[in-house]
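Note: the block below is run-v7.txt and it holds compact mmCIF, C-alpha atoms.
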# COMPACT_ATOMS: atom_id res chain seq x y z
CA MET A 1159 0.00 0.00 0.00
CA THR A 1160 2.80 2.35 0.95
CA LEU A 1161 4.64 1.54 -2.30
CA ARG A 1162 1.49 2.34 -4.36
CA ARG A 1163 1.14 5.71 -2.64
CA VAL A 1164 4.78 6.52 -3.37
CA ASN A 1165 4.32 5.59 -7.03
CA GLY A 1166 1.18 7.71 -7.20
CA VAL A 1167 2.96 10.71 -5.74
CA LEU A 1168 5.85 10.23 -8.18
CA LEU A 1169 3.43 10.15 -11.12
CA VAL A 1170 1.76 13.36 -9.96
CA LEU A 1171 5.12 15.08 -9.55
CA LEU A 1172 6.19 13.89 -13.01
CA ALA A 1173 2.99 15.27 -14.55
CA VAL A 1174 3.49 18.63 -12.82
CA ALA A 1175 7.10 18.78 -14.04
CA ILE A 1176 5.98 18.09 -17.63
CA LEU A 1177 3.35 20.85 -17.42
CA ILE A 1178 5.95 23.32 -16.11
CA ILE A 1179 8.33 22.49 -18.95
CA VAL A 1180 5.58 22.90 -21.58
CA HIS A 1181 4.47 26.21 -20.08
CA ARG A 1182 8.03 27.52 -20.04
CA ASN A 1183 8.54 26.54 -23.69
CA LEU A 1184 5.38 28.36 -24.69
CA LEU A 1185 6.59 31.50 -22.90
CA ASN A 1186 9.94 31.27 -24.66
CA LEU A 1187 8.16 30.91 -28.00
CA SER A 1188 6.11 34.01 -27.25
CA ASP A 1189 9.24 35.99 -26.37
CA PHE A 1190 10.90 34.80 -29.57
CA LEU A 1191 7.96 35.93 -31.67
CA ASP A 1192 7.97 39.32 -29.95
CA ARG A 1193 11.63 39.75 -30.75
CA GLU A 1194 11.09 38.72 -34.36
CA ASN A 1195 8.20 41.14 -34.79
CA PRO A 1196 8.66 43.90 -32.20
CA ASP A 1197 6.56 46.41 -34.17
CA ALA A 1198 3.45 44.23 -34.34
CA GLY A 1199 0.42 46.41 -33.69
CA GLN A 1200 2.44 49.63 -33.90
CA ILE A 1201 1.63 52.26 -36.51
CA LEU A 1202 4.75 52.85 -38.60
CA PRO A 1203 5.54 55.36 -41.36
CA PHE A 1204 5.59 52.63 -43.98
CA GLU A 1205 3.86 49.48 -45.19
CA ALA A 1206 5.80 46.24 -45.56
CA GLU A 1207 5.70 44.94 -49.12
CA LEU A 1208 8.13 42.04 -49.09
CA SER A 1209 9.67 39.75 -46.51
CA PRO A 1210 13.48 39.39 -46.45
CA GLY A 1211 14.78 37.53 -49.49
CA VAL A 1212 16.51 34.18 -49.22
CA GLY A 1213 18.76 32.02 -51.35
CA GLN A 1214 22.28 33.31 -50.76
CA LYS A 1215 24.68 31.47 -53.09
CA MET A 1216 27.75 33.00 -51.45
CA GLU A 1217 28.25 31.80 -47.90
CA ARG A 1218 27.42 34.73 -45.64
CA LYS A 1219 28.97 34.80 -42.19
CA GLY A 1220 28.42 36.61 -38.91
CA ASP A 1221 25.61 38.72 -37.53
CA GLU A 1222 23.32 40.60 -39.89
CA ILE A 1223 24.50 44.01 -41.09
CA PRO A 1224 21.41 46.16 -41.76
CA VAL A 1225 21.74 48.60 -44.66
CA LEU A 1226 18.99 51.08 -45.53
CA ILE A 1227 18.78 52.57 -49.02
CA THR A 1228 16.01 54.34 -50.91
CA ALA A 1229 14.72 53.51 -54.38
CA SER A 1230 13.23 56.16 -56.66
CA GLU A 1231 11.68 55.13 -59.99
CA ASP A 1232 13.62 57.68 -62.05
CA ARG A 1233 16.99 56.49 -60.69
CA LEU A 1234 16.31 52.86 -59.93
CA GLY A 1235 19.49 51.74 -61.67
CA ALA A 1236 21.47 53.53 -58.97
CA VAL A 1237 20.01 51.32 -56.24
CA ILE A 1238 20.84 48.22 -58.23
CA VAL A 1239 24.46 49.34 -58.62
CA ALA A 1240 24.80 50.20 -54.93
CA MET A 1241 23.35 46.88 -53.78
CA ASN A 1242 25.39 44.88 -56.29
CA SER A 1243 28.65 46.55 -55.28
CA VAL A 1244 27.98 46.00 -51.57
CA SER A 1245 27.03 42.37 -52.03
CA ARG A 1246 29.87 41.36 -54.34
CA ASN A 1247 32.58 43.02 -52.29
CA SER A 1248 31.69 41.43 -48.97
CA LYS A 1249 30.99 38.04 -47.44
CA ALA A 1250 29.18 39.74 -44.58
CA ASN A 1251 25.57 38.85 -43.82
CA VAL A 1252 24.12 42.05 -45.29
CA VAL A 1253 20.36 42.65 -45.18
CA PHE A 1254 19.02 45.55 -47.25
CA THR A 1255 15.95 47.55 -46.28
CA ILE A 1256 14.81 49.28 -49.46
CA VAL A 1257 12.50 52.24 -48.87
CA THR A 1258 10.44 53.22 -51.89
CA LEU A 1259 7.06 54.47 -53.09
CA ASN A 1260 4.12 52.44 -54.32
CA ASP A 1261 4.70 53.14 -58.02
CA THR A 1262 8.21 51.63 -57.90
CA VAL A 1263 7.59 48.33 -56.10
CA ASP A 1264 6.74 46.11 -59.09
CA HIS A 1265 9.64 47.41 -61.19
CA LEU A 1266 12.06 46.95 -58.29
CA LYS A 1267 10.88 43.41 -57.55
CA ALA A 1268 11.21 42.41 -61.20
CA TRP A 1269 14.74 43.84 -61.47
CA ILE A 1270 15.91 42.02 -58.35
CA SER A 1271 14.15 38.70 -58.91
CA LYS A 1272 15.30 38.27 -62.52
CA THR A 1273 18.98 39.04 -61.96
CA ALA A 1274 21.86 37.97 -59.71
CA LEU A 1275 20.44 40.17 -56.96
CA LYS A 1276 17.75 37.56 -56.30
CA ASN A 1277 20.31 35.93 -54.00
CA VAL A 1278 20.61 39.05 -51.84
CA LYS A 1279 18.71 39.38 -48.55
CA TYR A 1280 16.34 42.32 -48.62
CA LYS A 1281 12.94 43.66 -47.72
CA ILE A 1282 10.95 46.42 -49.38
CA VAL A 1283 8.94 48.96 -47.40
CA ILE A 1284 6.68 51.73 -48.65
CA PHE A 1285 7.35 55.27 -47.45
CA GLN A 1286 4.25 57.23 -46.46
CA PRO A 1287 4.63 60.83 -47.78
CA GLU A 1288 1.87 61.93 -45.40
CA LEU A 1289 4.48 61.67 -42.67
CA LEU A 1290 5.96 64.94 -43.98
CA ASN A 1291 2.74 66.96 -43.71
CA GLY A 1292 3.49 70.25 -41.97
CA LYS A 1293 7.22 69.61 -42.10
CA ILE A 1294 8.03 70.92 -45.60
CA SER A 1295 7.47 74.43 -46.93
CA LYS A 1296 4.45 74.86 -49.21
CA ASP A 1297 6.57 76.96 -51.57
CA PRO A 1298 6.14 75.23 -54.99
CA LYS A 1299 9.89 75.47 -55.63
CA MET A 1300 10.65 73.77 -52.34
CA LEU A 1301 7.98 71.10 -52.81
CA GLU A 1302 9.57 70.16 -56.13
CA ALA A 1303 13.01 69.90 -54.52
CA ALA A 1304 11.71 67.92 -51.53
CA LYS A 1305 11.82 64.34 -52.69
CA PRO A 1306 9.99 62.39 -49.94
CA LEU A 1307 12.43 59.48 -49.92
CA THR A 1308 15.37 61.71 -49.01
CA PHE A 1309 13.90 61.98 -45.51
CA ALA A 1310 13.78 58.22 -44.95
CA ARG A 1311 17.16 58.40 -43.17
CA PHE A 1312 15.48 60.47 -40.42
CA TYR A 1313 13.42 57.41 -39.47
CA LEU A 1314 16.16 54.77 -39.33
CA PRO A 1315 15.06 53.05 -36.06
CA MET A 1316 11.49 52.77 -37.34
CA TYR A 1317 12.56 50.88 -40.45
CA ILE A 1318 15.24 48.77 -38.79
CA SER A 1319 14.45 47.36 -35.35
CA GLY A 1320 15.94 44.84 -32.98
CA VAL A 1321 19.58 45.74 -33.72
CA GLU A 1322 22.14 48.09 -32.19
CA LYS A 1323 23.67 49.54 -35.37
CA ALA A 1324 22.71 50.16 -38.98
CA ILE A 1325 24.12 51.80 -42.10
CA TYR A 1326 22.36 54.29 -44.37
CA LEU A 1327 23.60 54.76 -47.95
CA ASP A 1328 22.54 57.25 -50.61
CA ASP A 1329 21.67 55.48 -53.86
CA ASP A 1330 24.38 57.23 -55.93
CA VAL A 1331 27.26 55.30 -54.39
CA VAL A 1332 29.55 52.41 -55.28
CA VAL A 1333 31.01 50.40 -52.40
CA GLN A 1334 34.42 48.97 -53.30
CA GLY A 1335 35.45 47.83 -49.81
CA ASP A 1336 34.03 45.23 -47.44
CA ILE A 1337 31.06 46.94 -45.78
CA GLN A 1338 31.80 44.97 -42.61
CA GLU A 1339 34.70 47.39 -42.08
CA LEU A 1340 32.38 50.41 -42.27
CA TYR A 1341 29.88 48.75 -39.94
CA GLU A 1342 32.54 48.06 -37.32
CA ILE A 1343 33.79 51.63 -36.90
CA ASN A 1344 33.65 52.74 -33.28
CA LEU A 1345 31.21 55.49 -32.36
CA LYS A 1346 32.15 57.60 -29.36
CA PRO A 1347 30.06 57.10 -26.19
CA GLY A 1348 26.81 59.05 -26.41
CA HIS A 1349 27.03 59.52 -30.19
CA ALA A 1350 24.03 58.37 -32.21
CA ALA A 1351 25.71 58.57 -35.62
CA ALA A 1352 28.95 58.86 -37.58
CA PHE A 1353 29.35 61.03 -40.70
CA SER A 1354 32.13 62.18 -43.02
CA ASP A 1355 33.21 65.75 -42.32
CA ASP A 1356 33.33 68.03 -45.35
CA CYS A 1357 36.69 69.47 -44.32
CA ASP A 1358 38.63 66.23 -44.41
CA SER A 1359 41.63 66.36 -46.74
CA ALA A 1360 40.15 64.16 -49.46
CA SER A 1361 36.75 65.81 -49.89
CA ALA A 1362 38.00 69.38 -49.46
CA LYS A 1363 40.74 69.05 -52.08
CA GLY A 1364 40.16 71.43 -54.97
CA ILE A 1365 36.58 72.22 -53.98
CA VAL A 1366 35.17 75.44 -55.42
CA ARG A 1367 32.42 76.63 -53.12
CA GLY A 1368 29.22 77.80 -54.73
CA ALA A 1369 25.55 77.00 -55.09
CA GLY A 1370 24.89 73.46 -53.91
CA ASN A 1371 28.49 73.04 -52.78
CA GLN A 1372 29.32 74.16 -49.25
CA ASN A 1373 31.54 72.81 -46.50
CA ASN A 1374 30.57 74.75 -43.38
CA TYR A 1375 27.45 75.52 -41.38
CA MET A 1376 27.04 79.00 -42.82
CA GLY A 1377 26.41 77.49 -46.24
CA PHE A 1378 23.50 75.42 -44.92
CA LEU A 1379 21.84 77.58 -42.23
CA ASP A 1380 20.64 81.19 -42.11
CA PHE A 1381 22.59 82.62 -39.17
CA LYS A 1382 20.56 85.85 -39.37
CA LYS A 1383 17.54 83.98 -38.02
CA GLU A 1384 16.99 84.30 -34.28
CA ALA A 1385 16.26 80.58 -33.85
CA ILE A 1386 19.67 79.72 -35.33
CA LYS A 1387 21.49 82.42 -33.35
CA LYS A 1388 20.11 81.05 -30.07
CA LEU A 1389 21.71 77.67 -30.71
CA GLY A 1390 25.17 79.18 -30.23
CA MET A 1391 26.69 77.27 -33.12
CA LYS A 1392 29.77 78.60 -34.90
CA ALA A 1393 29.06 79.46 -38.52
CA ASN A 1394 32.49 78.30 -39.69
CA THR A 1395 32.07 74.83 -38.19
CA CYS A 1396 32.80 72.13 -40.74
CA SER A 1397 29.64 70.53 -42.08
CA PHE A 1398 29.25 66.83 -42.81
CA ASN A 1399 27.71 64.80 -45.60
CA PRO A 1400 24.76 62.55 -44.60
CA GLY A 1401 24.97 60.39 -47.73
CA VAL A 1402 26.67 57.72 -45.63
CA ILE A 1403 25.60 57.22 -42.01
CA VAL A 1404 26.63 54.64 -39.44
CA ALA A 1405 23.98 54.87 -36.73
CA ASN A 1406 23.80 53.65 -33.15
CA LEU A 1407 20.06 53.01 -33.12
CA THR A 1408 19.90 52.66 -29.34
CA GLU A 1409 21.35 56.14 -28.85
CA TRP A 1410 19.21 57.47 -31.71
CA LYS A 1411 16.06 56.34 -29.91
CA ASN A 1412 17.21 57.34 -26.43
CA GLN A 1413 18.03 60.84 -27.64
CA ASN A 1414 14.78 61.18 -29.63
CA VAL A 1415 16.76 62.10 -32.73
CA THR A 1416 13.84 61.55 -35.11
CA GLN A 1417 11.58 63.84 -33.08
CA GLN A 1418 14.30 66.50 -32.94
CA LEU A 1419 14.74 66.37 -36.71
CA GLU A 1420 10.98 66.68 -37.23
CA LYS A 1421 10.89 69.70 -34.91
CA TRP A 1422 13.45 71.55 -36.99
CA MET A 1423 11.69 70.62 -40.22
CA GLU A 1424 8.48 72.11 -38.84
CA ARG A 1425 10.25 75.26 -37.68
CA ASN A 1426 11.87 75.71 -41.08
CA SER A 1427 8.52 75.41 -42.84
CA GLN A 1428 7.34 78.35 -40.70
CA GLU A 1429 10.52 80.46 -40.39
CA ASP A 1430 12.72 79.61 -43.44
CA LEU A 1431 15.74 78.73 -41.33
CA TYR A 1432 17.57 77.07 -44.19
CA SER A 1433 15.36 76.87 -47.28
CA ASN A 1434 17.11 79.70 -49.12
CA THR A 1435 20.76 79.02 -48.27
CA LEU A 1436 23.55 78.48 -50.80
CA ALA A 1437 23.74 74.75 -50.19
CA GLU A 1438 20.24 74.31 -51.64
CA SER A 1439 19.58 71.45 -49.21
CA ILE A 1440 16.60 70.81 -46.97
CA THR A 1441 17.79 67.40 -45.78
CA THR A 1442 21.22 68.18 -44.38
CA PRO A 1443 20.45 71.27 -42.21
CA PRO A 1444 18.27 69.52 -39.58
CA LEU A 1445 20.98 66.86 -39.22
CA LEU A 1446 23.65 69.55 -38.82
CA ILE A 1447 21.66 71.15 -36.00
CA VAL A 1448 20.85 67.94 -34.13
CA PHE A 1449 24.33 66.44 -34.48
CA TYR A 1450 26.32 69.64 -33.91
CA LYS A 1451 29.58 68.47 -32.31
CA ARG A 1452 27.82 65.24 -31.35
CA HIS A 1453 28.83 62.83 -34.08
CA SER A 1454 31.73 60.49 -34.73
CA PRO A 1455 33.90 60.61 -37.88
CA ILE A 1456 34.01 58.16 -40.77
CA ASN A 1457 37.33 57.34 -42.41
CA PRO A 1458 37.59 59.62 -45.50
CA MET A 1459 38.33 56.60 -47.71
CA TRP A 1460 34.90 55.29 -46.78
CA HIS A 1461 33.22 58.33 -48.29
CA VAL A 1462 35.08 59.76 -51.27
CA ARG A 1463 32.52 62.21 -52.60
CA HIS A 1464 31.86 65.14 -54.92
CA LEU A 1465 32.20 62.85 -57.94
CA GLY A 1466 29.04 64.45 -59.32
CA ILE A 1467 30.48 67.97 -59.29
CA THR A 1468 32.21 69.73 -62.16
CA GLY A 1469 35.94 69.02 -62.17
CA ALA A 1470 35.82 65.79 -60.17
CA GLY A 1471 38.04 64.18 -62.78
CA ASN A 1472 40.76 66.72 -61.99
CA ARG A 1473 40.32 66.40 -58.23
CA TYR A 1474 40.90 62.65 -57.99
CA SER A 1475 43.35 60.47 -59.87
CA PRO A 1476 42.15 57.13 -61.31
CA GLN A 1477 44.51 55.38 -58.87
CA TYR A 1478 42.94 57.16 -55.90
CA VAL A 1479 39.44 56.30 -57.07
CA ARG A 1480 40.40 52.64 -57.40
CA THR A 1481 41.67 52.51 -53.80
CA ALA A 1482 38.64 54.29 -52.31
CA LYS A 1483 36.36 52.10 -50.20
CA LEU A 1484 33.20 54.02 -51.14
CA LEU A 1485 32.55 56.45 -54.00
CA HIS A 1486 29.72 58.98 -53.91
CA TRP A 1487 28.46 60.91 -56.94
CA ASN A 1488 26.79 63.67 -54.94
CA GLY A 1489 26.20 66.71 -57.10
CA HIS A 1490 24.31 67.37 -60.31
CA TYR A 1491 26.20 64.98 -62.60
CA LYS A 1492 25.20 61.36 -62.02
CA PRO A 1493 27.01 58.36 -63.56
CA TRP A 1494 23.81 57.19 -65.25
CA GLY A 1495 23.31 60.63 -66.81
CA ARG A 1496 24.80 62.20 -69.94
CA THR A 1497 28.10 63.22 -68.41
CA SER A 1498 29.92 62.31 -65.23
CA SER A 1499 33.43 61.68 -63.97
CA PHE A 1500 34.44 58.05 -63.45
CA SER A 1501 31.19 56.70 -64.88
CA ASP A 1502 33.16 53.67 -66.10
CA VAL A 1503 33.60 52.61 -62.45
CA TRP A 1504 29.84 52.80 -61.93
CA ASP A 1505 29.24 50.82 -65.13
CA GLN A 1506 31.17 47.84 -63.74
CA TRP A 1507 28.42 47.23 -61.19
CA PHE A 1508 25.40 48.02 -63.35
CA ILE A 1509 23.01 45.15 -64.09
CA PRO A 1510 20.81 45.79 -67.17
CA ASP A 1511 17.12 46.21 -66.42
CA PRO A 1512 15.29 43.01 -67.50
CA THR A 1513 12.11 45.05 -68.02
CA GLY A 1514 13.88 47.45 -70.40
CA LYS A 1515 12.53 50.53 -68.61
CA PHE A 1516 15.80 51.95 -67.29
CA HIS A 1517 18.86 52.80 -69.36
CA PRO A 1518 21.89 54.91 -68.46
CA VAL A 1519 21.23 58.05 -70.55
CA ARG A 1520 24.63 58.23 -72.23
CA LYS A 1521 24.48 54.56 -73.31
CA HIS A 1522 20.89 54.80 -74.48
CA ALA A 1523 21.78 57.89 -76.50
CA ASP A 1524 24.57 55.98 -78.20
Starting from the coordinates I provided, produce the structure as structure tokens.
Amino acid sequence: MTLRRVNGVLLVLLAVAILIIVHRNLLNLSDFLDRENPDAGQILPFEAELSPGVGQKMERKGDEIPVLITASEDRLGAVIVAMNSVSRNSKANVVFTIVTLNDTVDHLKAWISKTALKNVKYKIVIFQPELLNGKISKDPKMLEAAKPLTFARFYLPMYISGVEKAIYLDDDVVVQGDIQELYEINLKPGHAAAFSDDCDSASAKGIVRGAGNQNNYMGFLDFKKEAIKKLGMKANTCSFNPGVIVANLTEWKNQNVTQQLEKWMERNSQEDLYSNTLAESITTPPLLIVFYKRHSPINPMWHVRHLGITGAGNRYSPQYVRTAKLLHWNGHYKPWGRTSSFSDVWDQWFIPDPTGKFHPVRKHAD
């Protein structure tokens, strides 16, 4: 009788132990799903259009490296070149987040799925232009210059979640180095982002300042405005170029960087704090204000720029361009346009559009 009772107690204890284990596993599964989809139920400034791609042929190693890039219909070939150059020059586990508008999604999907880029990990999200309501001047000239996608970089943590760091790239770049190296640069404590300063020796060489081409704060902000004066910033402070950003997303969120940027956009729409400056930029000024003396540097070789400005061919030697880790055709002259310096470098990474919609202008003209 005593033995039966002992066996009965043991069976009860075994059943309780099994139930505890099952319950714990269910909780772990729930936590895992929350981590995989932390934004579930949250209203975001975009709509997801495509889950991350699969099918890497090259063996990709290490943790994921998130890279955000925007895709505009009229310059879609640029995105293809940027992605192709990143992917082929690195074995890192790169995951692209491509921010675009509704009218570009089908074209972008077709270009990726029917070429070698189908083996790249990516997701496509749709930018909601309504997010910019009240933040951009209603001046027709300014509305035309304000391409919605250029502001996607302001919302980095909302597009890329669950990671500490991420990279933002403008579409008019070619990455010739291993992007893992860029990703691993050290940001100083308390810094939410790293940028390339416009006064570094490489970018400042031979620059002729003028409309659309400035290298200090005075060129981007109206220091006659009271709101700018009150900030106590020095007008001759070297500016930086936000075409390449390495972001600490934790610091970005903790410091409410996105909200700060939106505040200055709203103030500019009411007070013209930077709309009429020589730099002709409405994207860079809010970043200059928010990150004034609070950003880390990027190695100049990881952002060799001004290739889209007149005289770039005289500024950089072909040897220097070949050794650069990242090339940026900021300026009016793009490598897919009629004329541009070092367009042959860009051509090496171009993948013809299988739909036939996009052609580099100079080649199509030939």
### Close residues, Leu1327 in chain A itself excluded, 8 Å, all atoms listed in the file, min 3 positions apart in chain, as a ChimeraX atom specification
/A:1225-1227,1331,1401-1403
### Message
Just checking: using all atoms listed in the file, which residue out of A:Pro1287, A:Pro1315, A:Pro1444, A:Gly1466 ends up closest to Tyr1432 in chain A?
### Response
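So, comparing all the options, the nearest one is A:Pro1444.
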### Query
Between CA of Lys1483 in chain A and CA of Trp1460 in chain A, what is the distance, to one decimal in Å?
4.9 Å
### Task
Determine the nearest neighbour of Val1404 in chain A from the options A:Ala1470, A:Ile1337, A:Leu1234, A:Met1391, counting only C-alpha atoms.
A:Ile1337
#### Entry: Atomic distance CA of Ile1223 in chain A - CA of Glu1342 in chain A, expressed in Å with one decimal
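Pair CA of Ile1223 in chain A / CA of Glu1342 in chain A returns 9.8 Å.
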### Query
What is the CA of Glu1424 in chain A-CA of Ala1229 in chain A distance in Å, reported with one decimal?
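Spanning CA of Glu1424 in chain A to CA of Ala1229 in chain A is a straight-line distance of 25.0 Å.
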Taking the block above, write range 1250-1326 of chain A with C-alpha atoms as a PDB file, in the first residue's frame.
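File decode.pdb, as written:
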ATOM      1  CA  ALA A1250      29.180  39.735 -44.583  1.00  0.00           C
ATOM      2  CA  ASN A1251      25.571  38.848 -43.819  1.00  0.00           C
ATOM      3  CA  VAL A1252      24.119  42.052 -45.292  1.00  0.00           C
ATOM      4  CA  VAL A1253      20.363  42.650 -45.180  1.00  0.00           C
ATOM      5  CA  PHE A1254      19.023  45.549 -47.254  1.00  0.00           C
ATOM      6  CA  THR A1255      15.953  47.545 -46.282  1.00  0.00           C
ATOM      7  CA  ILE A1256      14.808  49.284 -49.461  1.00  0.00           C
ATOM      8  CA  VAL A1257      12.498  52.235 -48.866  1.00  0.00           C
ATOM      9  CA  THR A1258      10.442  53.224 -51.889  1.00  0.00           C
ATOM     10  CA  LEU A1259       7.060  54.473 -53.087  1.00  0.00           C
ATOM     11  CA  ASN A1260       4.119  52.435 -54.323  1.00  0.00           C
ATOM     12  CA  ASP A1261       4.699  53.137 -58.016  1.00  0.00           C
ATOM     13  CA  THR A1262       8.207  51.634 -57.903  1.00  0.00           C
ATOM     14  CA  VAL A1263       7.590  48.331 -56.102  1.00  0.00           C
ATOM     15  CA  ASP A1264       6.742  46.105 -59.086  1.00  0.00           C
ATOM     16  CA  HIS A1265       9.637  47.406 -61.185  1.00  0.00           C
ATOM     17  CA  LEU A1266      12.065  46.955 -58.287  1.00  0.00           C
ATOM     18  CA  LYS A1267      10.881  43.411 -57.548  1.00  0.00           C
ATOM     19  CA  ALA A1268      11.212  42.414 -61.195  1.00  0.00           C
ATOM     20  CA  TRP A1269      14.735  43.839 -61.474  1.00  0.00           C
ATOM     21  CA  ILE A1270      15.914  42.018 -58.348  1.00  0.00           C
ATOM     22  CA  SER A1271      14.146  38.699 -58.915  1.00  0.00           C
ATOM     23  CA  LYS A1272      15.296  38.272 -62.523  1.00  0.00           C
ATOM     24  CA  THR A1273      18.983  39.037 -61.955  1.00  0.00           C
ATOM     25  CA  ALA A1274      21.856  37.970 -59.707  1.00  0.00           C
ATOM     26  CA  LEU A1275      20.436  40.172 -56.960  1.00  0.00           C
ATOM     27  CA  LYS A1276      17.747  37.560 -56.298  1.00  0.00           C
ATOM     28  CA  ASN A1277      20.315  35.935 -54.000  1.00  0.00           C
ATOM     29  CA  VAL A1278      20.606  39.054 -51.836  1.00  0.00           C
ATOM     30  CA  LYS A1279      18.714  39.376 -48.550  1.00  0.00           C
ATOM     31  CA  TYR A1280      16.343  42.315 -48.624  1.00  0.00           C
ATOM     32  CA  LYS A1281      12.939  43.663 -47.722  1.00  0.00           C
ATOM     33  CA  ILE A1282      10.948  46.420 -49.384  1.00  0.00           C
ATOM     34  CA  VAL A1283       8.937  48.960 -47.401  1.00  0.00           C
ATOM     35  CA  ILE A1284       6.682  51.732 -48.653  1.00  0.00           C
ATOM     36  CA  PHE A1285       7.347  55.269 -47.449  1.00  0.00           C
ATOM     37  CA  GLN A1286       4.251  57.225 -46.464  1.00  0.00           C
ATOM     38  CA  PRO A1287       4.634  60.830 -47.777  1.00  0.00           C
ATOM     39  CA  GLU A1288       1.870  61.935 -45.396  1.00  0.00           C
ATOM     40  CA  LEU A1289       4.481  61.672 -42.668  1.00  0.00           C
ATOM     41  CA  LEU A1290       5.960  64.938 -43.983  1.00  0.00           C
ATOM     42  CA  ASN A1291       2.743  66.958 -43.714  1.00  0.00           C
ATOM     43  CA  GLY A1292       3.489  70.248 -41.968  1.00  0.00           C
ATOM     44  CA  LYS A1293       7.222  69.609 -42.103  1.00  0.00           C
ATOM     45  CA  ILE A1294       8.028  70.918 -45.601  1.00  0.00           C
ATOM     46  CA  SER A1295       7.471  74.431 -46.927  1.00  0.00           C
ATOM     47  CA  LYS A1296       4.455  74.865 -49.214  1.00  0.00           C
ATOM     48  CA  ASP A1297       6.567  76.959 -51.573  1.00  0.00           C
ATOM     49  CA  PRO A1298       6.137  75.226 -54.994  1.00  0.00           C
ATOM     50  CA  LYS A1299       9.890  75.475 -55.635  1.00  0.00           C
ATOM     51  CA  MET A1300      10.649  73.768 -52.342  1.00  0.00           C
ATOM     52  CA  LEU A1301       7.977  71.097 -52.815  1.00  0.00           C
ATOM     53  CA  GLU A1302       9.567  70.156 -56.131  1.00  0.00           C
ATOM     54  CA  ALA A1303      13.007  69.903 -54.518  1.00  0.00           C
ATOM     55  CA  ALA A1304      11.708  67.922 -51.535  1.00  0.00           C
ATOM     56  CA  LYS A1305      11.821  64.335 -52.685  1.00  0.00           C
ATOM     57  CA  PRO A1306       9.993  62.388 -49.939  1.00  0.00           C
ATOM     58  CA  LEU A1307      12.435  59.481 -49.916  1.00  0.00           C
ATOM     59  CA  THR A1308      15.372  61.709 -49.013  1.00  0.00           C
ATOM     60  CA  PHE A1309      13.900  61.980 -45.508  1.00  0.00           C
ATOM     61  CA  ALA A1310      13.780  58.217 -44.945  1.00  0.00           C
ATOM     62  CA  ARG A1311      17.155  58.403 -43.168  1.00  0.00           C
ATOM     63  CA  PHE A1312      15.478  60.474 -40.423  1.00  0.00           C
ATOM     64  CA  TYR A1313      13.423  57.414 -39.466  1.00  0.00           C
ATOM     65  CA  LEU A1314      16.162  54.773 -39.326  1.00  0.00           C
ATOM     66  CA  PRO A1315      15.057  53.053 -36.058  1.00  0.00           C
ATOM     67  CA  MET A1316      11.491  52.773 -37.340  1.00  0.00           C
ATOM     68  CA  TYR A1317      12.559  50.881 -40.453  1.00  0.00           C
ATOM     69  CA  ILE A1318      15.244  48.772 -38.791  1.00  0.00           C
ATOM     70  CA  SER A1319      14.448  47.365 -35.353  1.00  0.00           C
ATOM     71  CA  GLY A1320      15.938  44.844 -32.979  1.00  0.00           C
ATOM     72  CA  VAL A1321      19.578  45.740 -33.718  1.00  0.00           C
ATOM     73  CA  GLU A1322      22.143  48.094 -32.186  1.00  0.00           C
ATOM     74  CA  LYS A1323      23.671  49.541 -35.370  1.00  0.00           C
ATOM     75  CA  ALA A1324      22.712  50.155 -38.983  1.00  0.00           C
ATOM     76  CA  ILE A1325      24.117  51.802 -42.103  1.00  0.00           C
ATOM     77  CA  TYR A1326      22.357  54.288 -44.367  1.00  0.00           C
TER      78      TYR A1326
END
